[in-house]
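Student: Below is protein_12.txt; it holds compact mmCIF, C-alpha atoms (C1' of nucleotides).
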```
# COMPACT_ATOMS: atom_id res chain seq x y z
CA MET A 1 13.95 -7.63 6.32
CA GLU A 2 10.67 -5.77 6.07
CA LEU A 3 9.67 -2.20 5.41
CA ALA A 4 7.51 -2.27 8.55
CA GLN A 5 10.64 -2.88 10.59
CA LEU A 6 12.43 0.03 8.96
CA GLU A 7 9.45 2.25 9.62
CA ALA A 8 9.43 1.25 13.29
CA PHE A 9 13.17 1.81 13.49
CA ILE A 10 12.86 5.34 12.12
CA GLN A 11 9.94 6.23 14.35
CA VAL A 12 11.58 4.93 17.52
CA ALA A 13 14.74 6.86 16.71
CA HIS A 14 12.75 9.99 15.98
CA HIS A 15 10.63 9.85 19.13
CA ARG A 16 13.38 8.35 21.29
CA SER A 17 10.66 6.14 22.71
CA PHE A 18 9.01 2.84 21.87
CA SER A 19 5.65 3.91 23.28
CA ARG A 20 5.48 7.18 21.39
CA ALA A 21 6.61 5.47 18.20
CA ALA A 22 3.79 2.97 18.77
CA ASP A 23 1.29 5.83 18.96
CA ALA A 24 2.65 7.36 15.78
CA LEU A 25 2.37 4.02 14.00
CA PHE A 26 -1.08 3.20 15.42
CA LEU A 27 0.34 0.11 17.06
CA THR A 28 0.86 -1.08 20.61
CA GLN A 29 4.21 -0.78 22.35
CA PRO A 30 4.83 -4.56 22.38
CA SER A 31 4.36 -4.68 18.61
CA VAL A 32 6.98 -2.01 18.13
CA THR A 33 9.29 -3.84 20.51
CA ALA A 34 8.78 -7.01 18.45
CA ARG A 35 9.52 -5.22 15.18
CA ILE A 36 12.73 -3.76 16.53
CA GLN A 37 13.80 -7.01 18.16
CA SER A 38 13.27 -9.00 14.98
CA LEU A 39 15.20 -6.40 13.01
CA GLU A 40 18.05 -6.47 15.52
CA ARG A 41 18.05 -10.26 15.49
CA GLU A 42 18.23 -10.33 11.71
CA ILE A 43 20.97 -7.71 11.54
CA GLY A 44 22.83 -9.24 14.42
CA GLU A 45 23.40 -5.92 16.13
CA ARG A 46 21.59 -3.88 18.72
CA LEU A 47 20.25 -0.71 17.08
CA PHE A 48 19.11 1.10 20.23
CA GLU A 49 20.56 1.63 23.65
CA ARG A 50 17.64 1.34 26.09
CA THR A 51 18.84 2.61 29.42
CA GLY A 52 15.42 2.65 30.98
CA ARG A 53 14.95 6.36 30.81
CA SER A 54 16.11 7.18 27.31
CA VAL A 55 16.32 5.35 24.02
CA THR A 56 19.25 6.28 21.81
CA LEU A 57 20.81 4.94 18.65
CA THR A 58 23.88 2.74 18.88
CA ASP A 59 26.73 3.19 16.41
CA ALA A 60 25.15 0.47 14.29
CA GLY A 61 21.83 2.29 14.49
CA HIS A 62 23.41 5.54 13.37
CA ALA A 63 25.10 3.79 10.48
CA PHE A 64 21.87 2.12 9.41
CA MET A 65 19.55 5.12 9.67
CA PRO A 66 20.22 6.99 6.41
CA HIS A 67 19.82 3.80 4.40
CA ALA A 68 16.55 2.90 6.09
CA GLN A 69 15.30 6.37 5.27
CA ARG A 70 16.39 6.06 1.67
CA ALA A 71 14.60 2.76 1.31
CA LEU A 72 11.32 4.19 2.57
CA THR A 73 11.76 7.31 0.46
CA ALA A 74 12.32 5.19 -2.63
CA VAL A 75 9.12 3.29 -1.98
CA GLN A 76 7.21 6.52 -1.53
CA GLU A 77 8.63 7.89 -4.76
CA GLY A 78 7.67 4.65 -6.43
CA THR A 79 4.03 5.08 -5.55
CA ASP A 80 4.24 8.71 -6.61
CA ALA A 81 5.61 7.59 -9.97
CA ILE A 82 2.66 5.21 -10.33
CA ASP A 83 0.30 8.08 -9.58
CA ALA A 84 1.96 10.11 -12.30
CA VAL A 85 1.28 7.31 -14.76
CA ARG A 86 -2.29 7.05 -13.55
CA HIS A 87 -2.85 10.73 -14.17
CA GLY A 88 -1.42 10.47 -17.64
CA GLU A 89 1.67 12.50 -16.85
CA VAL A 90 3.88 9.64 -17.98
CA GLY A 91 3.24 6.72 -20.27
CA SER A 92 3.64 5.35 -23.76
CA ILE A 93 1.50 4.78 -26.82
CA ARG A 94 2.26 2.38 -29.65
CA ILE A 95 1.06 3.35 -33.08
CA GLY A 96 1.22 1.08 -36.08
CA ALA A 97 0.67 2.06 -39.72
CA SER A 98 1.55 0.91 -43.22
CA PRO A 99 4.91 2.15 -44.58
CA SER A 100 3.68 5.03 -46.73
CA ILE A 101 1.37 6.34 -44.02
CA ALA A 102 4.14 6.02 -41.44
CA THR A 103 6.55 7.90 -43.68
CA TYR A 104 4.42 10.65 -45.16
CA VAL A 105 1.36 11.17 -42.97
CA LEU A 106 2.29 10.48 -39.34
CA PRO A 107 5.13 12.99 -38.95
CA GLY A 108 2.83 15.88 -39.79
CA LEU A 109 0.16 14.55 -37.45
CA PHE A 110 2.65 14.24 -34.63
CA ARG A 111 3.80 17.82 -35.16
CA ARG A 112 0.22 19.08 -35.04
CA PHE A 113 -0.42 16.98 -31.93
CA ARG A 114 2.60 18.41 -30.14
CA GLU A 115 1.63 21.96 -30.98
CA ALA A 116 -2.06 21.56 -30.20
CA ARG A 117 -1.52 19.77 -26.92
CA PRO A 118 -2.13 21.83 -23.77
CA ARG A 119 0.81 22.54 -21.54
CA MET B 1 4.21 -2.98 0.86
CA GLU B 2 6.99 -5.47 1.47
CA LEU B 3 10.53 -5.86 0.29
CA ALA B 4 9.75 -9.45 -0.73
CA GLN B 5 7.22 -8.10 -3.20
CA LEU B 6 9.72 -5.66 -4.66
CA GLU B 7 12.25 -8.45 -5.02
CA ALA B 8 9.72 -10.61 -6.85
CA PHE B 9 8.78 -7.67 -9.05
CA ILE B 10 12.39 -7.09 -10.06
CA GLN B 11 13.08 -10.75 -10.71
CA VAL B 12 9.97 -11.29 -12.81
CA ALA B 13 10.81 -8.22 -14.87
CA HIS B 14 14.38 -9.36 -15.29
CA HIS B 15 13.52 -12.92 -16.32
CA ARG B 16 10.35 -11.98 -18.17
CA SER B 17 8.83 -15.03 -16.54
CA PHE B 18 7.13 -15.93 -13.28
CA SER B 19 8.50 -19.47 -13.28
CA ARG B 20 12.09 -18.47 -13.85
CA ALA B 21 11.81 -15.72 -11.26
CA ALA B 22 10.51 -18.35 -8.86
CA ASP B 23 13.61 -20.47 -9.49
CA ALA B 24 15.87 -17.49 -8.93
CA LEU B 25 14.09 -16.72 -5.65
CA PHE B 26 13.99 -20.36 -4.51
CA LEU B 27 10.21 -20.19 -4.44
CA THR B 28 7.37 -21.86 -6.32
CA GLN B 29 5.65 -20.15 -9.21
CA PRO B 30 2.34 -19.72 -7.33
CA SER B 31 4.18 -17.90 -4.54
CA VAL B 32 5.66 -15.46 -6.99
CA THR B 33 2.26 -14.99 -8.59
CA ALA B 34 0.84 -14.24 -5.16
CA ARG B 35 3.55 -11.71 -4.35
CA ILE B 36 2.99 -9.88 -7.60
CA GLN B 37 -0.78 -9.99 -7.29
CA SER B 38 -0.72 -8.60 -3.77
CA LEU B 39 1.63 -5.84 -4.89
CA GLU B 40 -0.59 -4.99 -7.83
CA ARG B 41 -3.65 -5.03 -5.60
CA GLU B 42 -2.00 -2.67 -3.14
CA ILE B 43 -0.75 -0.31 -5.83
CA GLY B 44 -4.00 -0.49 -7.73
CA GLU B 45 -2.29 -0.99 -11.08
CA ARG B 46 -1.22 -3.95 -13.14
CA LEU B 47 2.58 -4.04 -13.26
CA PHE B 48 2.98 -6.78 -15.87
CA GLU B 49 1.29 -7.59 -19.13
CA ARG B 50 0.92 -11.37 -19.21
CA THR B 51 -0.06 -12.36 -22.70
CA GLY B 52 0.45 -16.03 -22.10
CA ARG B 53 3.67 -16.29 -23.99
CA SER B 54 5.60 -13.30 -22.72
CA VAL B 55 5.61 -11.22 -19.58
CA THR B 56 6.38 -7.53 -20.03
CA LEU B 57 6.24 -4.44 -17.87
CA THR B 58 3.29 -2.10 -18.17
CA ASP B 59 3.81 1.67 -18.14
CA ALA B 60 3.14 1.59 -14.41
CA GLY B 61 5.68 -1.21 -14.06
CA HIS B 62 8.30 0.75 -15.93
CA ALA B 63 7.65 3.80 -13.79
CA PHE B 64 7.91 1.78 -10.59
CA MET B 65 11.03 -0.22 -11.44
CA PRO B 66 13.85 2.24 -10.68
CA HIS B 67 12.33 3.05 -7.31
CA ALA B 68 11.95 -0.60 -6.36
CA GLN B 69 15.59 -1.11 -7.27
CA ARG B 70 16.65 1.87 -5.22
CA ALA B 71 14.77 0.59 -2.20
CA LEU B 72 16.49 -2.78 -2.33
CA THR B 73 19.85 -1.16 -2.96
CA ALA B 74 19.37 1.08 0.05
CA VAL B 75 18.65 -1.92 2.25
CA GLN B 76 21.74 -3.71 0.95
CA GLU B 77 23.86 -0.65 1.62
CA GLY B 78 22.33 -0.48 5.08
CA THR B 79 23.53 -3.95 5.95
CA ASP B 80 26.92 -3.12 4.43
CA ALA B 81 27.10 -0.07 6.67
CA ILE B 82 26.36 -2.26 9.67
CA ASP B 83 29.16 -4.59 8.64
CA ALA B 84 31.51 -1.62 8.46
CA VAL B 85 30.62 -0.77 12.04
CA ARG B 86 31.07 -4.37 13.08
CA HIS B 87 34.56 -4.44 11.61
CA GLY B 88 35.46 -1.25 13.40
CA GLU B 89 35.67 0.80 10.23
CA VAL B 90 33.09 3.21 11.61
CA GLY B 91 32.00 4.01 15.13
CA SER B 92 32.40 6.36 18.04
CA ILE B 93 34.10 6.40 21.42
CA ARG B 94 33.20 8.67 24.33
CA ILE B 95 36.02 9.72 26.57
CA GLY B 96 35.55 11.63 29.80
CA ALA B 97 38.24 13.38 31.83
CA SER B 98 38.64 16.14 34.38
CA PRO B 99 39.09 19.68 32.96
CA SER B 100 42.86 19.96 33.22
CA ILE B 101 43.45 16.49 31.76
CA ALA B 102 40.99 17.19 28.95
CA THR B 103 42.68 20.47 28.16
CA TYR B 104 46.37 19.65 28.53
CA VAL B 105 46.85 15.90 28.25
CA LEU B 106 44.26 14.50 25.85
CA PRO B 107 45.12 16.57 22.76
CA GLY B 108 48.65 15.21 22.68
CA LEU B 109 47.42 11.67 23.21
CA PHE B 110 44.97 12.02 20.35
CA ARG B 111 47.70 13.25 18.04
CA ARG B 112 49.92 10.32 18.94
CA PHE B 113 47.00 7.92 18.46
CA ARG B 114 46.26 9.28 14.99
CA GLU B 115 49.85 9.04 13.94
CA ALA B 116 50.47 5.60 15.43
CA ARG B 117 47.31 4.05 14.09
CA PRO B 118 47.72 1.61 11.17
CA ARG B 119 46.21 2.57 7.85
C1' DT C 1 -0.73 -29.73 -27.63
C1' DA C 2 2.52 -27.81 -24.58
C1' DA C 3 4.13 -24.01 -21.91
C1' DA C 4 3.33 -20.99 -18.41
C1' DA C 5 0.29 -18.38 -15.28
C1' DA C 6 -3.76 -18.57 -12.33
C1' DT C 7 -6.63 -20.77 -8.96
C1' DA C 8 -8.09 -23.83 -5.05
C1' DC C 9 -6.85 -25.64 -0.95
C1' DT C 10 -4.32 -26.65 3.24
C1' DC C 11 -1.03 -25.75 6.84
C1' DC C 12 1.96 -23.33 9.62
C1' DA C 13 4.55 -19.20 11.03
C1' DT C 14 4.33 -14.92 12.53
C1' DA C 15 2.45 -10.32 13.54
C1' DG C 16 -0.48 -8.04 16.54
C1' DG C 17 -3.22 -7.55 20.66
C1' DT C 18 -4.03 -7.91 25.99
C1' DA C 19 -2.27 -8.69 30.36
C1' DT C 20 1.60 -8.79 33.17
C1' DT C 21 6.34 -8.49 34.76
C1' DT C 22 10.79 -6.42 34.86
C1' DT C 23 13.82 -2.53 35.14
C1' DA C 24 15.72 1.82 36.10
C1' DT C 25 15.09 6.37 37.93
C1' DA D 1 6.82 4.77 43.07
C1' DT D 2 6.40 5.42 38.40
C1' DA D 3 6.99 5.21 33.74
C1' DA D 4 8.56 2.64 30.03
C1' DA D 5 10.30 -1.56 27.82
C1' DA D 6 10.21 -6.58 27.88
C1' DT D 7 7.86 -10.90 28.24
C1' DA D 8 4.06 -14.39 28.11
C1' DC D 9 0.36 -15.91 25.91
C1' DC D 10 -3.37 -16.23 22.49
C1' DT D 11 -5.57 -15.55 18.04
C1' DA D 12 -6.02 -14.70 13.34
C1' DT D 13 -4.16 -13.43 9.04
C1' DG D 14 -1.58 -14.55 5.26
C1' DG D 15 2.42 -16.59 2.93
C1' DA D 16 4.19 -20.82 1.02
C1' DG D 17 3.54 -25.29 -0.71
C1' DT D 18 1.01 -29.10 -3.64
C1' DA D 19 -2.28 -30.20 -6.90
C1' DT D 20 -5.04 -28.67 -10.52
C1' DT D 21 -7.18 -25.76 -13.99
C1' DT D 22 -7.11 -22.17 -17.37
C1' DT D 23 -5.10 -19.84 -21.18
C1' DT D 24 -2.68 -18.83 -25.48
C1' DA D 25 0.50 -19.49 -28.98
```
Using structure tokens, write down the structure that the file contains.

Tutor:
Amino acid sequence: MELAQLEAFIQVAHHRSFSRAADALFLTQPSVTARIQSLEREIGERLFERTGRSVTLTDAGHAFMPHAQRALTAVQEGTDAIDAVRHGEVGSIRIGASPSIATYVLPGLFRRFREARPR
Amino acid sequence: MELAQLEAFIQVAHHRSFSRAADALFLTQPSVTARIQSLEREIGERLFERTGRSVTLTDAGHAFMPHAQRALTAVQEGTDAIDAVRHGEVGSIRIGASPSIATYVLPGLFRRFREARPR
DNA sequence: TAAAAATACTCCATAGGTATTTTAT
DNA sequence: ATAAAATACCTATGGAGTATTTTTA
């Protein structure tokens, strides 16, 4: 299974149309059809009812939807978390020192660092 | 981004080794290396510190991990949800009837169905 | 020196595009 | 008759493998 398939699935459901989903994804309609078909083949269930005029979710599609959304959300949050690290909002520093320094000097330095550090 | 990359990421982190992750994934070590490299390239951050002997997560890797896990979990739950539909544990039925039937007959039938239906 | 990761390279599968056909209203 | 999805077909990208080199402990 691929994230691109999940994305197509969500867009088709949202737009109720393969063509409009294709526009939203900057793809052609046959590409979207292929993504959905390969997803359906892998899952072994039809996800959409295409009755010519309208495209609607099947029961399987409805059941799958919230999980597909969660997967994409998780990925998005993952990249956001990386950004946070990149901007120094999260991270770790390892500091080594000899025993006496570690015991008597560092604690005071850490306190001063905490208090001096901008919000 | 691809689910295969996330899977490789999680396995390498878990095994602390590209080779052992490759075994777990039934892939070769160069394939795993490629998956990780393409993921790192896309994210723009190194996810693992490879110091020859040991492979450990970077800060970015640590930040990304829970989200990668959530994404894969969501996909797994998605397929589980589909299975539930397939086994009839979830689904919907549309029933149409003329006004008087719908008003006077169906409610009683539904009650009997609920009560007769096996756990 | 030995292990593990990275690189070089080749091949094939597949994803995407264009053009066209099918289908349902 | 028309609009939208499906299909046919082609091409190119990239993912996986094998063989090899690099690295570091």

Student: Could you tell me which residues of chain B sit within 10 Å of chain C when counting all atoms listed in the file, and give me the result as a list in words?

Tutor: Ser17, Phe18, Ser19, Gln29, Pro30, Thr33, Ala34, Arg50, Thr51, Gly52, Arg53, Ser54 and Val55 of chain B

Student: In terms of the shortest atom-to-atom distance over only C-alpha atoms, which of B:Ser38, B:Thr103, B:Ser31, B:Thr58 is closest to chain A?

Tutor: B:Thr58

Student: Between CA of Arg20 in chain A and CA of Ala74 in chain A, what is the spacing in Å?

Tutor: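 Separation of CA of Ala74 in chain A and CA of Arg20 in chain A: 25.1 Å.
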
Student: Using all atoms listed in the file and a cut-off of 12 Å, which residues of chain A sit close to chain B? Please list them as an MDAnalysis selection string.

Tutor: chainID A and resid 1:7 39:40 42:47 57:94

Student: Restricted to C-alpha atoms, what would the selected residues look like written as a PDB file, in the coordinates of the input?

Tutor:
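Saved to selection_32.pdb:
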```
ATOM      1  CA  MET A   1      13.950  -7.630   6.320  1.00  0.00           C
ATOM      2  CA  GLU A   2      10.670  -5.770   6.070  1.00  0.00           C
ATOM      3  CA  LEU A   3       9.670  -2.200   5.410  1.00  0.00           C
ATOM      4  CA  ALA A   4       7.510  -2.270   8.550  1.00  0.00           C
ATOM      5  CA  GLN A   5      10.640  -2.880  10.590  1.00  0.00           C
ATOM      6  CA  LEU A   6      12.430   0.030   8.960  1.00  0.00           C
ATOM      7  CA  GLU A   7       9.450   2.250   9.620  1.00  0.00           C
ATOM      8  CA  LEU A  39      15.200  -6.400  13.010  1.00  0.00           C
ATOM      9  CA  GLU A  40      18.050  -6.470  15.520  1.00  0.00           C
ATOM     10  CA  GLU A  42      18.230 -10.330  11.710  1.00  0.00           C
ATOM     11  CA  ILE A  43      20.970  -7.710  11.540  1.00  0.00           C
ATOM     12  CA  GLY A  44      22.830  -9.240  14.420  1.00  0.00           C
ATOM     13  CA  GLU A  45      23.400  -5.920  16.130  1.00  0.00           C
ATOM     14  CA  ARG A  46      21.590  -3.880  18.720  1.00  0.00           C
ATOM     15  CA  LEU A  47      20.250  -0.710  17.080  1.00  0.00           C
ATOM     16  CA  LEU A  57      20.810   4.940  18.650  1.00  0.00           C
ATOM     17  CA  THR A  58      23.880   2.740  18.880  1.00  0.00           C
ATOM     18  CA  ASP A  59      26.730   3.190  16.410  1.00  0.00           C
ATOM     19  CA  ALA A  60      25.150   0.470  14.290  1.00  0.00           C
ATOM     20  CA  GLY A  61      21.830   2.290  14.490  1.00  0.00           C
ATOM     21  CA  HIS A  62      23.410   5.540  13.370  1.00  0.00           C
ATOM     22  CA  ALA A  63      25.100   3.790  10.480  1.00  0.00           C
ATOM     23  CA  PHE A  64      21.870   2.120   9.410  1.00  0.00           C
ATOM     24  CA  MET A  65      19.550   5.120   9.670  1.00  0.00           C
ATOM     25  CA  PRO A  66      20.220   6.990   6.410  1.00  0.00           C
ATOM     26  CA  HIS A  67      19.820   3.800   4.400  1.00  0.00           C
ATOM     27  CA  ALA A  68      16.550   2.900   6.090  1.00  0.00           C
ATOM     28  CA  GLN A  69      15.300   6.370   5.270  1.00  0.00           C
ATOM     29  CA  ARG A  70      16.390   6.060   1.670  1.00  0.00           C
ATOM     30  CA  ALA A  71      14.600   2.760   1.310  1.00  0.00           C
ATOM     31  CA  LEU A  72      11.320   4.190   2.570  1.00  0.00           C
ATOM     32  CA  THR A  73      11.760   7.310   0.460  1.00  0.00           C
ATOM     33  CA  ALA A  74      12.320   5.190  -2.630  1.00  0.00           C
ATOM     34  CA  VAL A  75       9.120   3.290  -1.980  1.00  0.00           C
ATOM     35  CA  GLN A  76       7.210   6.520  -1.530  1.00  0.00           C
ATOM     36  CA  GLU A  77       8.630   7.890  -4.760  1.00  0.00           C
ATOM     37  CA  GLY A  78       7.670   4.650  -6.430  1.00  0.00           C
ATOM     38  CA  THR A  79       4.030   5.080  -5.550  1.00  0.00           C
ATOM     39  CA  ASP A  80       4.240   8.710  -6.610  1.00  0.00           C
ATOM     40  CA  ALA A  81       5.610   7.590  -9.970  1.00  0.00           C
ATOM     41  CA  ILE A  82       2.660   5.210 -10.330  1.00  0.00           C
ATOM     42  CA  ASP A  83       0.300   8.080  -9.580  1.00  0.00           C
ATOM     43  CA  ALA A  84       1.960  10.110 -12.300  1.00  0.00           C
ATOM     44  CA  VAL A  85       1.280   7.310 -14.760  1.00  0.00           C
ATOM     45  CA  ARG A  86      -2.290   7.050 -13.550  1.00  0.00           C
ATOM     46  CA  HIS A  87      -2.850  10.730 -14.170  1.00  0.00           C
ATOM     47  CA  GLY A  88      -1.420  10.470 -17.640  1.00  0.00           C
ATOM     48  CA  GLU A  89       1.670  12.500 -16.850  1.00  0.00           C
ATOM     49  CA  VAL A  90       3.880   9.640 -17.980  1.00  0.00           C
ATOM     50  CA  GLY A  91       3.240   6.720 -20.270  1.00  0.00           C
ATOM     51  CA  SER A  92       3.640   5.350 -23.760  1.00  0.00           C
ATOM     52  CA  ILE A  93       1.500   4.780 -26.820  1.00  0.00           C
ATOM     53  CA  ARG A  94       2.260   2.380 -29.650  1.00  0.00           C
TER      54      ARG A  94
END
```

Student: Kindly provide, as a list in words, the residues of chain D having any atom no farther than 10 Å from an atom of chain A, counting all atoms listed in the file.

Tutor: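 The contacting residues on chain D are DA3, DA4, DA5, DA6 and DT7 of chain D.
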
Student: Write out as JSON an axis-aligned box for range 9-22 of chain D: all of its atoms listed in the file, 3 Å added on each side, centre and edge lengths in Å with one decimal.

Tutor:
```
{"center_x": -1.5, "center_y": -21.8, "center_z": 4.3, "size_x": 17.4, "size_y": 22.8, "size_z": 49.3}
```

Student: Might you pull out every residue within 9 Å of Ala8 in chain A, with only C-alpha atoms (C1' of nucleotides) counted and same-chain residues fewer than 6 positions away left off, and present them as a list in words?

Tutor: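 Here the qualifying residues turn out to be Phe18, Ala21, Ala22, Leu25, Val32, Thr33, Arg35 and Ile36 of chain A.
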
Student: Please indicate the distance in Å from CA of Gln37 in chain B to C1' of DT13 in chain D, rounded to one decimal place.

Tutor: 17.0 Å
